[in-house]
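What follows is a set of notes on a single structure, which appears directly below.
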Amino acid sequence: MVKNLKNYRKDLERRNSPMAEKDENGNYLYLDFIPVTYMLPDNFSVVRSEFQKYGNAVWIAKPVGKAKGKGIFLLKSLSKIKKWDNINPPGGQTPEGYVISRYIENPLLIGGKKFDLRMYVLVTSYKPLKVWLYGKGFARFCTVKYSSDPAELGNKEMHFTNSAIQQTAENYNPINGSKWNIDCLRFFLEMNMSKERTDKCFEDINSIIYHSLKAVQPVMINDKHCFECYGYDVMIDENLKPWLIEVNASPSLAATTEPDRIMKTCLMDDVLRVVVPPEWMDHPKHGANTCTEKEVGFFKVLVDECESEADKSIKATKPLGKR
């Protein structure tokens with residue numbers, strides 16, 4: 001994702017797109033939504049330079065190919081990742097691949113606790129792009145109040161919102177699973193941060209979803225019989241700026257509570273209603289992108305390049321007017 005986003009930004013710059021506009025400090029105004037991220041061991045030398053440049057920064061390291069918070073840790077010292085320094089160690093056993101990113105140290109807190117959002121995004125076509133956003137995601141809360149104290153960097157229940165980690169915490173609430181649904185979160189933000197700022201925050205999240213998918217569009221194989229349901233993990237900082245933390249290609253559908261089970265059951269049902277609509281059997285070309293509705297269950301169309309392609313086709317076939 002990170003590499004594809006860099007290429008996407010450069011492409012927009014070459015085309016002088018307003019979306020690639022930067023501020024006076026050289027930061028993207030609309031495309032700065034992923035924390036600085038590198039791969040280990042491939043980018044170790046770059047990471048070392050970053051540590052020397054930003055000595056007090058906190059980083060988060062996640063193993064490639066693992067889920068449910070396994071192997072995640074926070075660090076401020078380069079010594080914790082020294083094993084990735086030699087990419088060709090004796091014996092040929094290269095250390096496990098990791099993703100390392102700048103940690104968001106100013107998260108928005110509710111009740112003193114950190115949280116992130118899990119949002120479900122359905123892609124029924126990549127070329128042209130058609131994206132559906134599910135309206136019933138949720139916020140996952142930590143069970144321990146947040147602190148920036150370096151002594152607490154090892155406190156997983158304070159820093160990591162993964163359900164698998166929080167379920168073992170002493171203060172875990174088995175009734176609500178330490179979760180709020182999106183509607184509750186949005187209402188809370190509107191009451192405490194203003195409706196205008198909250199609307200802007202969620203508009204920015206929609207923009208993140210769009211640009212992240214456009215960034216990978218050129219490298220995705222488009223099969224009309226296939227679809228993808230992604231789990232987007234988004235964190236909001238104290239300035240109500242959303243950050244894309246991770247995109248899960250196979251988001252867990254395991255339920256931790258009864259409301260969770262109901263929501264995920266509805267999600268699976270709505271996915272099938274989108275990709276296999278009632279008129280599916282009557283369509284001359286079967287595929288996952290035959291639904292013509294704008295809303296199905298809790299899904300709403302977020303992006304539909306199919307429409308713009310159709311508009312172009314209509315304009316191209318219109319006869320020229322008299323001169």
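Identifiers in this document derive from the order of the structure tokens: chains are assigned A, B, ..., residues are numbered from 1 separately in each chain, and ligands are numbered from 1 in order of occurrence.
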Segment 150-254 of chain A near segment 110-119 of chain A within 12 Å: what's each residue's closest atom pair and its distance in Å to one decimal, counting only C-alpha atoms, ordered by chain then ascending residue number, as JSON lines?
{"residue": "A:Lys156", "atom": "CA", "partner": "A:Lys114", "partner_atom": "CA", "distance": 11.5}
{"residue": "A:Glu157", "atom": "CA", "partner": "A:Lys114", "partner_atom": "CA", "distance": 9.9}
{"residue": "A:Met158", "atom": "CA", "partner": "A:Lys114", "partner_atom": "CA", "distance": 7.4}
{"residue": "A:His159", "atom": "CA", "partner": "A:Lys114", "partner_atom": "CA", "distance": 7.1}
{"residue": "A:Phe160", "atom": "CA", "partner": "A:Lys114", "partner_atom": "CA", "distance": 8.3}
{"residue": "A:Thr161", "atom": "CA", "partner": "A:Phe115", "partner_atom": "CA", "distance": 6.2}
{"residue": "A:Asn162", "atom": "CA", "partner": "A:Asp116", "partner_atom": "CA", "distance": 9.2}
{"residue": "A:Ser163", "atom": "CA", "partner": "A:Asp116", "partner_atom": "CA", "distance": 11.1}
{"residue": "A:Gln166", "atom": "CA", "partner": "A:Phe115", "partner_atom": "CA", "distance": 11.4}
{"residue": "A:Ser178", "atom": "CA", "partner": "A:Phe115", "partner_atom": "CA", "distance": 9.6}
{"residue": "A:Lys179", "atom": "CA", "partner": "A:Phe115", "partner_atom": "CA", "distance": 8.9}
{"residue": "A:Trp180", "atom": "CA", "partner": "A:Leu117", "partner_atom": "CA", "distance": 9.3}
{"residue": "A:Asn181", "atom": "CA", "partner": "A:Leu117", "partner_atom": "CA", "distance": 9.2}
{"residue": "A:Ile182", "atom": "CA", "partner": "A:Leu117", "partner_atom": "CA", "distance": 8.0}
{"residue": "A:Asp183", "atom": "CA", "partner": "A:Leu117", "partner_atom": "CA", "distance": 11.7}
{"residue": "A:Leu185", "atom": "CA", "partner": "A:Leu117", "partner_atom": "CA", "distance": 9.5}
{"residue": "A:Arg186", "atom": "CA", "partner": "A:Leu117", "partner_atom": "CA", "distance": 11.1}
{"residue": "A:Phe188", "atom": "CA", "partner": "A:Ile110", "partner_atom": "CA", "distance": 9.3}
{"residue": "A:Leu189", "atom": "CA", "partner": "A:Ile110", "partner_atom": "CA", "distance": 9.6}
{"residue": "A:Asn192", "atom": "CA", "partner": "A:Ile110", "partner_atom": "CA", "distance": 10.4}
{"residue": "A:Met193", "atom": "CA", "partner": "A:Ile110", "partner_atom": "CA", "distance": 11.8}
{"residue": "A:Phe202", "atom": "CA", "partner": "A:Leu117", "partner_atom": "CA", "distance": 11.2}
{"residue": "A:Ile205", "atom": "CA", "partner": "A:Met119", "partner_atom": "CA", "distance": 9.8}
{"residue": "A:Asn206", "atom": "CA", "partner": "A:Met119", "partner_atom": "CA", "distance": 10.4}
{"residue": "A:Ile208", "atom": "CA", "partner": "A:Met119", "partner_atom": "CA", "distance": 11.8}
{"residue": "A:Ile209", "atom": "CA", "partner": "A:Met119", "partner_atom": "CA", "distance": 9.9}
{"residue": "A:Cys229", "atom": "CA", "partner": "A:Met119", "partner_atom": "CA", "distance": 10.2}
{"residue": "A:Tyr230", "atom": "CA", "partner": "A:Met119", "partner_atom": "CA", "distance": 8.1}
{"residue": "A:Gly231", "atom": "CA", "partner": "A:Met119", "partner_atom": "CA", "distance": 5.7}
{"residue": "A:Tyr232", "atom": "CA", "partner": "A:Met119", "partner_atom": "CA", "distance": 5.0}
{"residue": "A:Asp233", "atom": "CA", "partner": "A:Arg118", "partner_atom": "CA", "distance": 4.8}
{"residue": "A:Val234", "atom": "CA", "partner": "A:Leu117", "partner_atom": "CA", "distance": 5.0}
{"residue": "A:Met235", "atom": "CA", "partner": "A:Asp116", "partner_atom": "CA", "distance": 4.6}
{"residue": "A:Ile236", "atom": "CA", "partner": "A:Asp116", "partner_atom": "CA", "distance": 7.0}
{"residue": "A:Asp237", "atom": "CA", "partner": "A:Lys114", "partner_atom": "CA", "distance": 9.6}
{"residue": "A:Glu238", "atom": "CA", "partner": "A:Ile110", "partner_atom": "CA", "distance": 10.2}
{"residue": "A:Pro242", "atom": "CA", "partner": "A:Asp116", "partner_atom": "CA", "distance": 9.7}
{"residue": "A:Trp243", "atom": "CA", "partner": "A:Asp116", "partner_atom": "CA", "distance": 9.6}
{"residue": "A:Leu244", "atom": "CA", "partner": "A:Leu117", "partner_atom": "CA", "distance": 9.7}
{"residue": "A:Ile245", "atom": "CA", "partner": "A:Asp116", "partner_atom": "CA", "distance": 8.9}
{"residue": "A:Glu246", "atom": "CA", "partner": "A:Arg118", "partner_atom": "CA", "distance": 9.7}
{"residue": "A:Val247", "atom": "CA", "partner": "A:Arg118", "partner_atom": "CA", "distance": 9.6}
{"residue": "A:Asn248", "atom": "CA", "partner": "A:Arg118", "partner_atom": "CA", "distance": 9.8}
{"residue": "A:Pro251", "atom": "CA", "partner": "A:Arg118", "partner_atom": "CA", "distance": 9.4}
{"residue": "A:Ser252", "atom": "CA", "partner": "A:Arg118", "partner_atom": "CA", "distance": 10.7}
{"residue": "A:Leu253", "atom": "CA", "partner": "A:Arg118", "partner_atom": "CA", "distance": 11.7}
Residues within 10 Å of Val2 of chain A, please, as number ranges by chain. Count only C-alpha atoms; anything in the same chain fewer than 2 positions from it doesn't count.
A: 4-8, 34-39, 212, 215-216
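What separates atom CA of Tyr172 of chain A from atom CA of Leu133 of chain A is a distance of 29.0 Å.
Considering the residues A:Asp270, A:Gln167, A:Lys200, A:Pro277 and counting only C-alpha atoms, Thr257 of chain A has its shortest atom-to-atom contact with A:Gln167.
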Two-atom distance - atom CA of Asp11 of chain A, atom CA of Asp223 of chain A (Å)
24.7 Å
Write out as a list in words all residues of segment 50-90 of chain A that backbone DSSP assigns to alpha helix (DSSP H).
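Of segment 50-90 of chain A, the ones in alpha helix (DSSP H) are Glu50, Phe51, Gln52 and Lys53 of chain A.
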In Å, rounded to a single decimal, give me how far atom CA of Arg197 of chain A is from atom CA of Asn25 of chain A.
23.8 Å
When DSSP is applied to the backbone of this structure, which of segment 16-226 of chain A are assigned strand (DSSP E or B)? Write them out as an NGL selection string.
:A and (22 or 28 or 37-40 or 59-63 or 73-75 or 98-102 or 107 or 109-110 or 113-126 or 129-134 or 138-141 or 179-181)
Go ahead and write the residues just picked, C-alpha atoms, as a tab-separated table (two decimals), in the first residue's frame.
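result.tsv, written as the output of this step:
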chain	number	residue	atom	x	y	z
A	22	LYS	CA	1.23	20.72	-0.89
A	28	TYR	CA	0.42	16.95	0.98
A	37	THR	CA	6.13	3.61	7.13
A	38	TYR	CA	8.97	1.29	6.12
A	39	MET	CA	9.64	-2.42	5.67
A	40	LEU	CA	12.18	-4.44	7.62
A	59	TRP	CA	7.52	3.71	16.43
A	60	ILE	CA	5.21	0.72	16.12
A	61	ALA	CA	6.42	-2.55	14.59
A	62	LYS	CA	4.06	-5.21	13.22
A	63	PRO	CA	5.00	-8.62	11.79
A	73	PHE	CA	5.51	-3.85	19.87
A	74	LEU	CA	6.39	-0.17	20.42
A	75	LEU	CA	9.94	1.14	20.46
A	98	TYR	CA	8.09	-6.42	9.79
A	99	VAL	CA	6.28	-3.19	8.97
A	100	ILE	CA	7.49	-0.27	11.08
A	101	SER	CA	5.58	3.03	11.25
A	102	ARG	CA	5.66	6.26	13.19
A	107	PRO	CA	-4.68	10.09	19.53
A	109	LEU	CA	-9.17	10.01	23.62
A	110	ILE	CA	-12.65	9.24	24.92
A	113	LYS	CA	-8.81	5.83	26.41
A	114	LYS	CA	-7.46	5.29	22.94
A	115	PHE	CA	-9.63	3.82	20.17
A	116	ASP	CA	-9.67	3.13	16.45
A	117	LEU	CA	-12.37	2.50	13.85
A	118	ARG	CA	-13.07	-0.68	11.92
A	119	MET	CA	-14.95	0.10	8.72
A	120	TYR	CA	-16.00	-2.37	6.04
A	121	VAL	CA	-15.46	-1.56	2.37
A	122	LEU	CA	-16.75	-3.70	-0.49
A	123	VAL	CA	-15.12	-3.46	-3.93
A	124	THR	CA	-17.12	-5.12	-6.70
A	125	SER	CA	-14.94	-3.82	-9.53
A	126	TYR	CA	-11.46	-2.29	-9.79
A	129	LEU	CA	-13.69	1.25	-9.70
A	130	LYS	CA	-16.89	0.63	-7.78
A	131	VAL	CA	-16.82	0.86	-3.99
A	132	TRP	CA	-19.48	0.33	-1.34
A	133	LEU	CA	-19.14	1.58	2.25
A	134	TYR	CA	-20.87	-0.25	5.09
A	138	PHE	CA	-17.49	0.13	15.12
A	139	ALA	CA	-14.92	1.80	17.37
A	140	ARG	CA	-12.63	-0.49	19.39
A	141	PHE	CA	-11.44	0.88	22.72
A	179	LYS	CA	-16.84	-1.30	21.39
A	180	TRP	CA	-19.15	1.48	20.20
A	181	ASN	CA	-20.98	1.34	16.92
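Among the candidate residues A:Cys201, A:Met220, A:Met1, A:Met263, the one lying nearest to Gly135 of chain A is A:Met263, with distances computed using only C-alpha atoms.
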Closest of A:Val47, A:Ala57, A:Leu29, A:Val274 to Trp84 of chain A - atom-to-atom distances counting only C-alpha atoms
A:Val47
Nearest to Asn222 of chain A by atom-to-atom distance, counting only C-alpha atoms, from A:Pro174, A:Pro128, A:Pro278, A:Pro41:
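Once distances to Asn222 of chain A are computed over only C-alpha atoms, the minimum belongs to A:Pro128.
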